[in-house]
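Shown next: entry_21.txt, containing compact mmCIF, C-alpha atoms and all ligand atoms.
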```
# COMPACT_ATOMS: atom_id res chain seq x y z
CA MET A 852 6.80 200.39 286.91
CA SER A 853 6.30 198.29 290.05
CA GLN A 854 9.25 196.50 291.59
CA GLU A 855 7.75 193.09 290.84
CA MET A 856 7.22 193.95 287.17
CA LEU A 857 10.82 195.14 286.93
CA LEU A 858 11.93 191.80 288.34
CA ALA A 859 9.69 189.89 285.93
CA GLU A 860 11.26 191.79 283.03
CA LYS A 861 14.73 191.16 284.36
CA LEU A 862 14.02 187.44 284.56
CA ALA A 863 12.62 187.34 281.03
CA ASN A 864 15.61 189.27 279.65
CA THR A 865 18.51 187.75 281.59
CA HIS A 866 17.17 184.28 282.53
CA ASP A 867 18.52 184.76 286.01
CA LEU A 868 17.54 186.31 289.32
CA SER A 869 19.18 186.23 292.73
CA ALA A 870 17.50 184.46 295.64
CA GLU A 871 16.31 187.79 297.03
CA GLU A 872 14.84 188.80 293.69
CA LEU A 873 13.08 185.48 293.21
CA TYR A 874 11.63 185.82 296.69
CA LEU A 875 10.11 189.21 295.87
CA LEU A 876 8.86 188.06 292.47
CA ILE A 877 6.95 185.22 294.12
CA ALA A 878 5.87 186.91 297.35
CA ASN A 879 4.53 189.98 295.52
CA ARG A 880 3.02 188.24 292.52
CA THR A 881 0.06 189.95 290.90
CA GLU A 882 -2.23 189.26 287.98
CA GLU A 883 0.11 191.42 285.94
CA THR A 884 3.33 189.53 286.76
CA ARG A 885 1.52 186.22 286.32
CA GLU A 886 0.29 187.03 282.83
CA TYR A 887 3.58 188.64 281.84
CA LEU A 888 5.67 185.63 282.94
CA ARG A 889 3.19 183.22 281.39
CA GLN A 890 3.46 184.91 278.00
CA LYS A 891 7.24 185.20 278.13
CA ALA A 892 7.62 181.58 279.24
CA GLU A 893 5.32 180.31 276.51
CA ALA A 894 7.19 182.36 273.90
CA GLU A 895 10.56 181.12 275.16
CA CYS A 896 9.32 177.54 275.00
CA GLN A 897 8.10 177.96 271.43
CA ARG A 898 11.36 179.61 270.41
CA VAL A 899 13.31 176.55 271.59
CA TYR A 900 10.90 173.68 270.91
CA GLY A 901 8.43 175.15 268.41
CA ASN A 902 4.79 174.19 268.57
CA ASN A 903 5.56 170.69 269.75
CA VAL A 904 4.30 169.13 272.94
CA PHE A 905 6.18 165.91 273.63
CA ILE A 906 4.44 162.92 275.12
CA ARG A 907 6.05 160.30 277.35
CA GLY A 908 4.36 156.99 277.99
CA LEU A 909 4.38 156.40 281.73
CA ILE A 910 4.59 152.76 282.74
CA GLU A 911 4.16 152.27 286.46
CA LEU A 912 6.41 149.31 286.98
CA THR A 913 5.79 148.51 290.65
CA ASN A 914 4.13 150.00 293.69
CA TYR A 915 6.23 148.03 296.15
CA CYS A 916 8.52 150.44 297.97
CA LYS A 917 11.04 150.05 300.75
CA ASN A 918 10.89 153.75 301.59
CA ASP A 919 8.42 155.47 303.85
CA CYS A 920 8.14 159.03 302.53
CA TYR A 921 5.48 160.77 304.59
CA TYR A 922 3.70 162.23 301.56
CA CYS A 923 3.49 159.18 299.34
CA GLY A 924 0.57 156.77 299.03
CA ILE A 925 2.78 153.78 298.19
CA ARG A 926 5.07 154.21 301.24
CA CYS A 927 5.90 150.87 302.84
CA SER A 928 3.85 151.61 305.96
CA ASN A 929 0.65 151.92 303.97
CA LYS A 930 -0.71 148.43 304.54
CA LYS A 931 -3.83 149.21 302.56
CA ALA A 932 -2.01 149.63 299.25
CA ASN A 933 -2.70 146.79 296.84
CA ARG A 934 0.82 145.84 295.83
CA TYR A 935 1.70 144.74 292.28
CA ARG A 936 4.63 144.36 289.91
CA LEU A 937 4.63 144.29 286.12
CA ASN A 938 6.70 141.63 284.36
CA LYS A 939 8.82 142.10 281.27
CA GLN A 940 6.11 140.88 278.94
CA GLN A 941 3.53 143.25 280.40
CA ILE A 942 5.97 146.14 280.08
CA LEU A 943 6.70 145.31 276.44
CA GLU A 944 2.96 145.12 275.77
CA CYS A 945 2.55 148.63 277.21
CA CYS A 946 5.33 149.80 274.90
CA GLU A 947 3.64 148.18 271.90
CA ILE A 948 0.38 149.97 272.59
CA GLY A 949 2.28 153.17 273.22
CA TYR A 950 4.36 152.96 270.07
CA GLU A 951 1.20 152.57 267.99
CA LEU A 952 -0.21 155.67 269.67
CA GLY A 953 2.85 157.70 268.69
CA PHE A 954 4.96 157.51 271.86
CA ARG A 955 8.72 157.58 271.26
CA THR A 956 9.70 157.82 274.93
CA PHE A 957 8.83 155.23 277.53
CA VAL A 958 9.18 156.02 281.21
CA LEU A 959 9.48 153.23 283.73
CA GLN A 960 8.56 154.58 287.13
CA GLY A 961 8.14 152.79 290.39
CA GLY A 962 8.65 152.56 294.09
CA GLU A 963 12.08 151.46 295.32
CA ASP A 964 11.37 147.77 294.97
CA PRO A 965 14.29 145.48 295.86
CA TYR A 966 12.80 142.82 293.57
CA PHE A 967 14.00 144.90 290.61
CA THR A 968 17.68 144.09 291.03
CA ASP A 969 20.21 145.35 288.53
CA GLU A 970 20.05 142.03 286.74
CA ARG A 971 16.27 142.18 286.32
CA MET A 972 16.25 145.86 285.35
CA VAL A 973 19.08 145.42 282.85
CA ASP A 974 17.15 142.56 281.29
CA ILE A 975 14.02 144.72 280.94
CA VAL A 976 15.83 147.79 279.64
CA SER A 977 17.86 145.71 277.15
CA ALA A 978 14.69 144.12 275.79
CA MET A 979 13.08 147.55 275.35
CA ARG A 980 16.22 148.92 273.73
CA LYS A 981 16.38 146.00 271.30
CA LYS A 982 12.73 146.27 270.31
CA TYR A 983 12.70 150.09 270.08
CA PRO A 984 16.18 151.16 268.98
CA HIS A 985 15.02 154.69 268.15
CA CYS A 986 12.96 155.41 271.25
CA ALA A 987 14.14 157.07 274.42
CA ILE A 988 13.99 155.07 277.63
CA THR A 989 13.53 157.02 280.84
CA LEU A 990 13.83 155.52 284.30
CA SER A 991 12.40 156.83 287.55
CA LEU A 992 13.24 154.21 290.11
CA GLY A 993 14.60 156.28 292.95
CA GLU A 994 18.02 156.05 294.56
CA ARG A 995 20.40 153.31 293.42
CA SER A 996 24.16 152.82 293.48
CA ARG A 997 26.49 154.34 290.89
CA GLU A 998 27.20 150.84 289.57
CA SER A 999 23.50 150.25 289.15
CA TYR A 1000 22.91 153.53 287.31
CA GLN A 1001 25.93 152.79 285.11
CA ALA A 1002 24.65 149.30 284.23
CA LEU A 1003 21.20 150.68 283.36
CA PHE A 1004 22.76 153.36 281.20
CA GLU A 1005 24.86 150.78 279.37
CA ALA A 1006 21.78 148.61 278.88
CA GLY A 1007 20.26 151.47 276.91
CA ALA A 1008 18.45 153.81 279.28
CA ASN A 1009 18.90 157.45 278.24
CA ARG A 1010 17.19 159.51 280.88
CA TYR A 1011 16.56 159.41 284.62
CA LEU A 1012 14.02 161.31 286.68
CA LEU A 1013 14.86 161.77 290.34
CA ARG A 1014 13.13 164.71 291.94
CA HIS A 1015 15.29 166.25 294.61
CA GLU A 1016 11.99 166.93 296.50
CA THR A 1017 13.46 169.94 298.32
CA ALA A 1018 16.87 171.59 298.23
CA THR A 1019 16.73 172.34 301.96
CA LYS A 1020 18.10 169.60 304.18
CA GLN A 1021 15.94 170.51 307.15
CA HIS A 1022 12.80 170.46 304.99
CA TYR A 1023 13.89 167.16 303.43
CA GLU A 1024 13.88 165.73 306.94
CA GLN A 1025 10.33 166.92 307.51
CA LEU A 1026 9.20 164.98 304.44
CA HIS A 1027 11.19 161.79 304.94
CA PRO A 1028 12.03 159.44 307.80
CA ALA A 1029 15.54 159.42 309.26
CA GLN A 1030 16.64 156.42 307.18
CA MET A 1031 16.58 158.62 304.09
CA SER A 1032 19.29 161.14 303.41
CA PHE A 1033 19.22 164.49 301.68
CA GLU A 1034 22.92 164.23 300.84
CA HIS A 1035 22.49 160.84 299.23
CA ARG A 1036 19.63 162.01 297.04
CA MET A 1037 21.66 164.99 295.85
CA GLU A 1038 24.66 162.75 295.26
CA CYS A 1039 22.53 160.42 293.13
CA LEU A 1040 21.53 163.37 290.95
CA ARG A 1041 25.14 164.37 290.40
CA THR A 1042 26.09 160.77 289.63
CA LEU A 1043 23.30 160.39 287.08
CA LYS A 1044 24.44 163.48 285.25
CA GLU A 1045 28.09 162.37 285.32
CA ILE A 1046 27.20 159.00 283.84
CA GLY A 1047 25.54 160.79 280.95
CA PHE A 1048 21.84 160.46 281.63
CA GLN A 1049 19.57 163.31 280.61
CA THR A 1050 18.68 164.01 284.20
CA GLY A 1051 15.53 165.38 285.78
CA CYS A 1052 15.12 166.86 289.23
CA GLY A 1053 12.14 168.64 290.73
CA PHE A 1054 9.91 169.18 293.71
CA MET A 1055 6.33 169.34 294.95
CA VAL A 1056 4.70 172.73 295.31
CA GLY A 1057 2.99 173.24 298.64
CA SER A 1058 4.46 170.20 300.38
CA PRO A 1059 3.99 170.25 304.16
CA GLY A 1060 6.40 172.62 305.88
CA GLN A 1061 7.44 174.27 302.61
CA THR A 1062 8.14 178.00 302.90
CA LEU A 1063 8.88 180.57 300.24
CA GLU A 1064 12.54 180.44 301.27
CA HIS A 1065 12.54 176.71 300.49
CA ILE A 1066 11.00 177.32 297.07
CA VAL A 1067 13.60 179.98 296.28
CA ARG A 1068 16.37 177.55 297.23
CA ASP A 1069 14.77 174.93 294.94
CA LEU A 1070 14.75 177.39 292.07
CA ARG A 1071 18.36 178.43 292.64
CA PHE A 1072 19.34 174.76 292.87
CA ILE A 1073 17.60 174.08 289.55
CA LYS A 1074 19.35 177.03 287.91
CA GLU A 1075 22.76 175.88 289.13
CA PHE A 1076 22.34 172.14 288.57
CA ARG A 1077 21.07 172.67 285.01
CA PRO A 1078 18.95 169.52 284.78
CA HIS A 1079 17.65 168.44 281.37
CA MET A 1080 14.15 168.13 282.81
CA VAL A 1081 12.24 169.49 285.78
CA GLY A 1082 9.26 167.68 287.30
CA MET A 1083 7.13 170.00 289.40
CA GLY A 1084 3.56 169.47 290.51
CA PRO A 1085 1.40 170.37 293.49
CA PHE A 1086 1.60 168.26 296.63
CA LEU A 1087 -1.68 166.36 296.98
CA SER A 1088 -2.60 164.58 300.17
CA HIS A 1089 -3.21 160.85 300.33
CA HIS A 1090 -5.70 159.62 302.91
CA ASP A 1091 -3.52 156.73 304.18
CA THR A 1092 -0.36 158.75 304.89
CA PRO A 1093 0.78 160.87 307.85
CA PHE A 1094 0.09 163.95 305.70
CA CYS A 1095 -3.55 163.02 305.12
CA ASP A 1096 -4.83 166.26 306.67
CA MET A 1097 -2.36 168.59 305.04
CA PRO A 1098 -3.66 171.08 302.49
CA ASN A 1099 -2.95 170.51 298.81
CA GLY A 1100 -0.62 172.70 296.82
CA THR A 1101 -2.36 175.07 294.42
CA ALA A 1102 -2.47 175.15 290.65
CA GLU A 1103 -1.98 178.89 290.82
CA LEU A 1104 1.44 178.79 292.51
CA THR A 1105 2.51 175.70 290.55
CA VAL A 1106 1.81 177.37 287.20
CA TYR A 1107 3.58 180.56 288.30
CA LEU A 1108 6.67 178.58 289.29
CA LEU A 1109 6.59 176.61 286.03
CA SER A 1110 6.83 179.89 284.12
CA ILE A 1111 9.76 180.95 286.29
CA VAL A 1112 11.57 177.65 285.68
CA ARG A 1113 11.05 177.96 281.93
CA LEU A 1114 12.58 181.44 282.02
CA LEU A 1115 15.48 180.39 284.25
CA LEU A 1116 16.31 177.49 281.91
CA PRO A 1117 14.79 178.15 278.47
CA GLU A 1118 15.94 174.79 277.03
CA VAL A 1119 14.62 172.59 279.83
CA LEU A 1120 12.02 169.89 279.27
CA LEU A 1121 9.12 170.80 281.49
CA PRO A 1122 6.17 168.46 282.01
CA ALA A 1123 2.70 169.64 282.87
CA THR A 1124 2.25 166.93 285.48
CA THR A 1125 -0.60 164.58 286.25
CA ALA A 1126 -0.77 166.14 289.72
CA LEU A 1127 -1.39 169.54 288.12
CA GLY A 1128 -4.13 167.97 285.99
CA THR A 1129 -5.59 166.46 289.16
CA VAL A 1130 -5.71 169.60 291.27
CA GLN A 1131 -7.34 171.56 288.47
CA GLN A 1132 -9.42 170.14 285.64
CA ASP A 1133 -7.59 171.90 282.80
CA GLY A 1134 -4.33 172.06 284.76
CA ARG A 1135 -2.14 170.45 282.13
CA LYS A 1136 -3.41 172.87 279.51
CA GLN A 1137 -2.69 175.77 281.88
CA GLY A 1138 0.80 174.34 282.31
CA VAL A 1139 1.46 174.23 278.58
CA LEU A 1140 0.13 177.76 278.22
CA ALA A 1141 2.66 178.81 280.88
CA GLY A 1142 5.78 177.23 279.40
CA CYS A 1143 5.48 173.45 279.75
CA ASN A 1144 6.25 171.29 276.72
CA VAL A 1145 5.85 167.72 277.96
CA VAL A 1146 2.88 165.64 279.06
CA MET A 1147 3.18 162.12 280.42
CA PRO A 1148 0.04 160.09 279.78
CA ASN A 1149 -0.36 156.79 281.54
CA LEU A 1150 0.43 153.59 279.62
CA SER A 1151 0.15 151.21 282.57
CA PRO A 1152 -2.31 148.32 282.23
CA LEU A 1153 -5.75 149.48 283.38
CA SER A 1154 -5.80 146.65 285.94
CA VAL A 1155 -3.03 148.28 288.03
CA ARG A 1156 -3.78 151.96 287.54
CA LYS A 1157 -5.75 152.38 290.73
CA SER A 1158 -2.99 150.74 292.74
CA TYR A 1159 -0.34 153.29 291.78
CA MET A 1160 -1.89 155.99 293.91
CA LEU A 1161 0.73 158.41 295.16
CA TYR A 1162 -2.08 160.84 296.11
CA ASP A 1163 -5.87 160.91 296.16
CA ASN A 1164 -8.11 161.45 293.11
CA LYS A 1165 -5.41 160.87 290.48
CA ILE A 1166 -6.84 161.39 286.98
CA SER A 1167 -6.99 158.91 284.08
CA THR A 1168 -7.06 155.78 286.22
CA ASP A 1169 -10.04 154.30 284.38
CA GLU A 1170 -9.41 155.35 280.83
CA GLU A 1171 -7.69 153.44 277.99
CA SER A 1172 -4.34 154.92 276.93
CA ALA A 1173 -5.73 155.59 273.46
CA GLN A 1174 -8.57 157.60 274.94
CA SER A 1175 -6.22 159.73 277.05
CA VAL A 1176 -4.02 160.45 274.07
CA GLU A 1177 -7.01 161.43 271.92
CA LYS A 1178 -8.25 163.77 274.62
CA LEU A 1179 -4.81 165.27 275.04
CA LYS A 1180 -4.38 165.82 271.30
CA ARG A 1181 -7.69 167.67 271.15
CA GLN A 1182 -6.79 169.73 274.20
CA MET A 1183 -3.42 170.71 272.74
CA GLU A 1184 -4.89 171.50 269.34
CA SER A 1185 -7.40 173.81 271.01
CA ILE A 1186 -4.45 175.95 272.11
CA GLY A 1187 -2.64 175.75 268.80
CA ARG A 1188 -0.11 173.12 269.83
CA THR A 1189 0.78 169.77 268.27
CA VAL A 1190 1.46 166.49 270.03
CA ALA A 1191 4.72 165.39 268.41
CA VAL A 1192 5.60 161.83 267.42
CA ALA A 1193 9.23 162.26 268.43
CA ARG A 1194 11.73 161.46 271.16
CA GLY A 1195 11.87 165.08 272.16
CA ASP A 1196 15.40 165.18 273.51
CA SER A 1197 16.49 168.00 275.74
CA GLN A 1198 18.19 170.99 274.15
CA ILE A 1199 20.22 171.54 277.33
CA GLN A 1200 23.91 171.10 276.59
N1 LIG B 1301 10.37 156.16 293.77
C1 LIG B 1301 10.73 157.04 292.70
C2 LIG B 1301 9.54 157.60 291.98
C3 LIG B 1301 8.70 158.41 292.88
S1 LIG B 1301 7.10 158.86 292.32
C4 LIG B 1301 11.63 158.13 293.24
O1 LIG B 1301 11.97 158.10 294.40
O2 LIG B 1301 12.04 158.98 292.48
C5 LIG B 1301 7.47 160.38 291.50
C6 LIG B 1301 7.22 161.64 292.25
O3 LIG B 1301 5.88 161.76 292.67
C7 LIG B 1301 7.99 161.83 293.53
O4 LIG B 1301 9.30 162.20 293.27
C8 LIG B 1301 7.19 162.90 294.27
O5 LIG B 1301 7.73 164.20 294.06
C9 LIG B 1301 5.81 162.78 293.62
N2 LIG B 1301 4.80 162.49 294.65
C10 LIG B 1301 4.81 161.49 295.56
N3 LIG B 1301 3.78 161.60 296.41
C11 LIG B 1301 3.09 162.71 296.03
C12 LIG B 1301 1.96 163.40 296.55
N4 LIG B 1301 1.32 162.95 297.62
N5 LIG B 1301 1.55 164.51 295.89
C13 LIG B 1301 2.19 164.97 294.81
N6 LIG B 1301 3.29 164.38 294.30
C14 LIG B 1301 3.74 163.27 294.92
```

Starting from the file, lay out its structure as structure tokens.
Ligand code: SAH
Amino acid sequence: MSQEMLLAEKLANTHDLSAEELYLLIANRTEETREYLRQKAEAECQRVYGNNVFIRGLIELTNYCKNDCYYCGIRCSNKKANRYRLNKQQILECCEIGYELGFRTFVLQGGEDPYFTDERMVDIVSAMRKKYPHCAITLSLGERSRESYQALFEAGANRYLLRHETATKQHYEQLHPAQMSFEHRMECLRTLKEIGFQTGCGFMVGSPGQTLEHIVRDLRFIKEFRPHMVGMGPFLSHHDTPFCDMPNGTAELTVYLLSIVRLLLPEVLLPATTALGTVQQDGRKQGVLAGCNVVMPNLSPLSVRKSYMLYDNKISTDEESAQSVEKLKRQMESIGRTVAVARGDSQIQ
């Protein structure tokens, strides 16, 4: 048997590989390793989570951002972005529509918008918690203080998504301006976990400057940090950012890495991201076939969808939430999977 197939088998059997082994498994990937890992990852996912695909209703709270990440379309230097904020009532209306459609997790995501102070966020989260006592509330609002995270947790938020973006400091500095700190981002992740959030990290595949060594370090970081969730999608360029001319990440490598993450952490919640669905038409389906078990359809009001553009050509910006969910259900049923009406908590201990 080839060396790469031996490594693929070792990963599937032991759920671990050293950095050197991961490097070889990715560098020397073939059709055979791809299909083998895909099948093993899908089987592992079904063993832990059954046939269920969990849906999360994504509510894009604000596209104001004080940060200036080079890759992101809502960076503060992008003067062409049409800035907006949702208010509490609008957010609760999104939840209402979502609840009717079967969502039991709501995700509030946004730029780092100083308008959303702890007081305002606690008010919003408390209102959601009161109205939906049995739903999960996920936040994805970037870096905040420990006190802030603690207050949001106490107000009723259960989960927090904060992609680490890259586990290599030097690469982090290629993606972010000097005001942002690799150490602080990593510290936030540790704090979130300590507070008791189900915590998600993750990174973009094919981000500018990313090498295979960086990817291997990301995978080893994920294995060691043991997040409850991992968000991983291809980097996609945005025309009004410094990375406008950089090539997009590929669906092929993204899907391969998703299978590897599923096998490294069988119990992890793994979304087939919107970015994957954007780079390839049936990308999210490919993701689920390769070990993903979460999809995050958009619940934001249609009027703001086109303003929350992190990258070009984002899908589902002109489609009612109900329509997206219907489409998704059909797509999942076509591969023998069921969209679950459930919170879908992580099985990671
Ligand atoms: N401000 C929040 C939410 C960020 S948006 C935070 O800091 O966590 C969520 C994720 O979208 C980011 O973590 C990033 O990995 C991803 N993203 C941003 N720009 C992107 C791009 N151009 N292509 C692909 N993914 C991108």

Between CA of Leu868 (chain A) and CA of Leu1114 (chain A), what distance in Å does the model show, to one decimal?
10.1 Å

Closest-contact table, chain A side, partner ligand LIG 1301 (chain B), 7 Å, counting all atoms listed in the file, as a Markdown table:
```
| residue | atom | partner | partner_atom | distance |
| --- | --- | --- | --- | --- |
| A:Tyr922 | CA | B:LIG1301 | N4 | 4.7 |
| A:Cys923 | CA | B:LIG1301 | N3 | 3.8 |
| A:Gly924 | CA | B:LIG1301 | N3 | 6.4 |
| A:Gln960 | CA | B:LIG1301 | C2 | 5.8 |
| A:Gly961 | CA | B:LIG1301 | C2 | 5.3 |
| A:Gly962 | CA | B:LIG1301 | N1 | 4.0 |
| A:Glu963 | CA | B:LIG1301 | N1 | 5.2 |
| A:Ser991 | CA | B:LIG1301 | C2 | 5.3 |
| A:Leu992 | CA | B:LIG1301 | C1 | 4.6 |
| A:Gly993 | CA | B:LIG1301 | C4 | 3.5 |
| A:Glu994 | CA | B:LIG1301 | O1 | 6.4 |
| A:Leu1012 | CA | B:LIG1301 | O2 | 6.6 |
| A:Leu1013 | CA | B:LIG1301 | O2 | 4.5 |
| A:Arg1014 | CA | B:LIG1301 | O4 | 4.8 |
| A:Glu1016 | CA | B:LIG1301 | O5 | 5.6 |
| A:Phe1054 | CA | B:LIG1301 | O5 | 5.4 |
| A:Met1055 | CA | B:LIG1301 | O5 | 5.4 |
| A:Gly1084 | CA | B:LIG1301 | N6 | 6.4 |
| A:Pro1085 | CA | B:LIG1301 | C13 | 5.6 |
| A:Phe1086 | CA | B:LIG1301 | C13 | 3.8 |
| A:Leu1087 | CA | B:LIG1301 | N5 | 3.9 |
| A:Ser1088 | CA | B:LIG1301 | N4 | 5.0 |
| A:His1089 | CA | B:LIG1301 | N4 | 5.7 |
| A:Ala1126 | CA | B:LIG1301 | C13 | 6.0 |
| A:Leu1161 | CA | B:LIG1301 | N3 | 4.6 |
| A:Tyr1162 | CA | B:LIG1301 | N4 | 4.3 |
```

Counting all atoms listed in the file, the residue of A:Leu858, A:Ala1141, A:Leu1108, A:Cys896 that sits nearest Val1056 (chain A):
A:Leu1108

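Considering the residues A:Arg1113, A:Arg1077, A:His1015, A:Arg1010 and counting all atoms listed in the file, Leu1140 (chain A) has its shortest atom-to-atom contact with A:Arg1113.
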
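Atom to atom, CA of Pro965 (chain A) and CA of Pro1093 (chain A) stand 23.7 Å apart.
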
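Between Met1083 (chain A) and the residues A:Arg1041, A:Arg1135, A:Arg1194, A:Arg971, the shortest atom-to-atom distance, using only C-alpha atoms, involves A:Arg1135.
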
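Nearest to Arg997 (chain A) of all the residues A:Cys1039, A:Ile910, A:Ile975, A:Met1160 is A:Cys1039, counting all atoms listed in the file.
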
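CA of Asn1009 (chain A) is positioned 19.4 Å from CA of Arg1036 (chain A).
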
The residues within 12 Å of (15.9, 151.9, 269.4), using all atoms listed in the file and the coordinates of the file, should be reported as a count of residues only; which are they?
22

Ile1073 (chain A): which residues within 9 Å, counting only C-alpha atoms, same-chain residues fewer than 3 positions away excluded, as a PDB file with C-alpha atoms, in the frame of the given file?
```
ATOM      1  CA  CYS A1052      15.120 166.860 289.230  1.00  0.00           C
ATOM      2  CA  GLY A1053      12.140 168.640 290.730  1.00  0.00           C
ATOM      3  CA  ARG A1068      16.370 177.550 297.230  1.00  0.00           C
ATOM      4  CA  ASP A1069      14.770 174.930 294.940  1.00  0.00           C
ATOM      5  CA  LEU A1070      14.750 177.390 292.070  1.00  0.00           C
ATOM      6  CA  PHE A1076      22.340 172.140 288.570  1.00  0.00           C
ATOM      7  CA  ARG A1077      21.070 172.670 285.010  1.00  0.00           C
ATOM      8  CA  PRO A1078      18.950 169.520 284.780  1.00  0.00           C
ATOM      9  CA  VAL A1081      12.240 169.490 285.780  1.00  0.00           C
ATOM     10  CA  VAL A1112      11.570 177.650 285.680  1.00  0.00           C
ATOM     11  CA  LEU A1115      15.480 180.390 284.250  1.00  0.00           C
ATOM     12  CA  LEU A1116      16.310 177.490 281.910  1.00  0.00           C
TER      13      LEU A1116
END
```

Residue neighbourhood Arg889 (chain A), 9 Å, only C-alpha atoms, exclusion window fewer than 6 positions, as a ChimeraX atom specification
/A:1106-1107,1109-1111,1140-1142

Export of the given selection (C-alpha atoms) as a compact mmCIF listing (two decimals), in the frame of the given file:
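The result, stored in result-v1.txt:
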```txt
# COMPACT_ATOMS: atom_id res chain seq x y z
CA VAL A 1106 1.81 177.37 287.20
CA TYR A 1107 3.58 180.56 288.30
CA LEU A 1109 6.59 176.61 286.03
CA SER A 1110 6.83 179.89 284.12
CA ILE A 1111 9.76 180.95 286.29
CA LEU A 1140 0.13 177.76 278.22
CA ALA A 1141 2.66 178.81 280.88
CA GLY A 1142 5.78 177.23 279.40
```

Taking 5 positions as the minimum chain separation for residues in the same chain, which residues sit within 9 Å of Thr1042 (chain A) when counting all atoms listed in the file? Answer as a list in words.
Arg997, Tyr1000, Met1037 and Gly1047 of chain A

For the point (-5.4, 158.7, 274.6) in the file's frame, write as a ChimeraX atom specification all residues with an atom no more than 10 Å away, counting all atoms listed in the file.
/A:949,952,1148-1150,1167,1170-1181

For each of A:Asn1164, A:Ser869, A:Gln890, A:Asn1099, take the minimum atom-to-atom distance to Gly1138 (chain A), counting all atoms listed in the file, then give the residue where this is smallest.
A:Gln890

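With distances taken over all atoms listed in the file, A:Asp969 is the one residue among A:Asp969, A:Glu1038, A:Glu886, A:Glu1024 lying closest to Glu1005 (chain A).
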